[in-house]
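*Asks:* Below are the structure tokens for one structure; questions will follow.
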Amino acid sequence: MCQVILKQGKSPTIDCCFRNQLYKQSYFGIECKLVEANRKTLCNEYITNGIERFLDCRYSSKSSHSAMLGYIRKTTCQDVATKIKERLPHDSKLNKTKQLLPFEEHYTSQHQRAACLSPFTLHHFLLSF
């Protein structure tokens with residue numbers, strides 16, 4: 001059984017997490033970012049203050065899956081996915097999935113992490129506004 005924890009941790013703090021009641025160190029974390037394909041600063045935030053925090057084990061170090069939620073304005077989900085794909089580490093790939101159809105903008109990336117639980121799957125949910 002999972003529960004939503006509303007208590008804020010120390011900075012940097014993940015935006016949302018679902019914890020297992022038996023093993024509280026393990027959680028499915030969700031980091032949310034505003035991202036636009038044509039705004040480099042927002043793409044950088046998505047990577048450095050999102051994806052990289054999962055990969056360097058600041059987020060979800062005891063979990064094998066977590067997620068990024070991208071809020072997209074003024075550009076398309078496909079354009080943002082292309083920008084994310086360009087910035088991922090060389091050993092990682094971004095793949096569009098059909099796991100959650102009819103939601104079409106679900107991607108996953110697989111990563112190897114040196115300092116914590118690996119392999120690691122990061123789900124990318126791209127929402128266009």
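If you're wondering about the labels, chains in the structure tokens are A, B, ... by order shown, residues count from 1 in each chain, ligands from 1 in order shown.
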Neighbours of Thr121 in chain A within 8 Å (only C-alpha atoms; same-chain residues fewer than 2 positions away dropped), as a VMD selection string?

*Replies:* chain A and resid 64 to 66 108 to 111 119 123

*Asks:* Please identify all polymer residues within 8 Å of Ile14 in chain A, counting only C-alpha atoms, omitting same-chain residues fewer than 3 positions from it, and present them as number ranges by chain.

*Replies:* A: 17, 29-31, 59

*Asks:* Rounded to one decimal in Å, what is the spacing between CA of Ala81 in chain A and CA of Leu55 in chain A?

*Replies:*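 Between CA of Ala81 in chain A and CA of Leu55 in chain A the gap works out to 18.3 Å.
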
*Asks:* Write down as a list in words the residues belonging to chain A that are assigned helix (DSSP H, G or I) by DSSP computed on the backbone.

*Replies:*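 Answer for chain A restricted to helix (DSSP H, G or I) is Lys40, Thr41, Leu42, Cys43, Asn44, Glu45, Tyr46, Ile47, Thr48, Asn49, Gly50, Ile51, Glu52, Arg53, Phe54, Leu55, Cys77, Gln78, Asp79, Val80, Ala81, Thr82, Lys83, Ile84, Lys85, Glu86 and Arg87 of chain A.
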
*Asks:* Find the residue from A:Arg87, A:Lys40, A:Lys93, A:His106 that sits nearest to Glu52 in chain A; use only C-alpha atoms when measuring.

*Replies:*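 With only C-alpha atoms as the atom set, the closest residue is A:Arg87.
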
*Asks:* Hey, what does DSSP flag as strand (DSSP E) within chain A? Can you give it to me as a PyMOL selection string?

*Replies:* chain A and resi 2-4+16-20+27-35+65-72+94-96+106-111+120-128

*Asks:* When you draw a straight line from CA of Glu104 in chain A to CA of Asp15 in chain A, how long is it in Å?

*Replies:*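 Rounded to one decimal, the two atoms are 22.9 Å apart.
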
*Asks:* Counting only C-alpha atoms, figure out which residue out of A:Arg39, A:Arg53, A:Lys24, A:His124 gets nearest to Leu94 in chain A.

*Replies:*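 Checking each of A:Arg39, A:Arg53, A:Lys24, A:His124 against Leu94 in chain A, counting only C-alpha atoms, the winner is A:His124.
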
*Asks:* For Ala114 in chain A, please output as JSON, numbers by chain all residues within 12 Å (counting only C-alpha atoms; exclusion window: fewer than 5 positions along the same chain).

*Replies:* {"A": [54, 55, 56, 57, 61, 119, 120]}

*Asks:* Skip Asn38 in chain A itself and residues of its chain fewer than 6 positions away, then list as a count of residues only all residues within 12 Å of it, counting only C-alpha atoms.

*Replies:* 13

*Asks:* Taking into account only C-alpha atoms, which residue in the set A:Ser63, A:Gln25, A:Ser11, A:Asn49 is nearest to Arg113 in chain A?

*Replies:*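 So, comparing all the options, the nearest one is A:Ser63.
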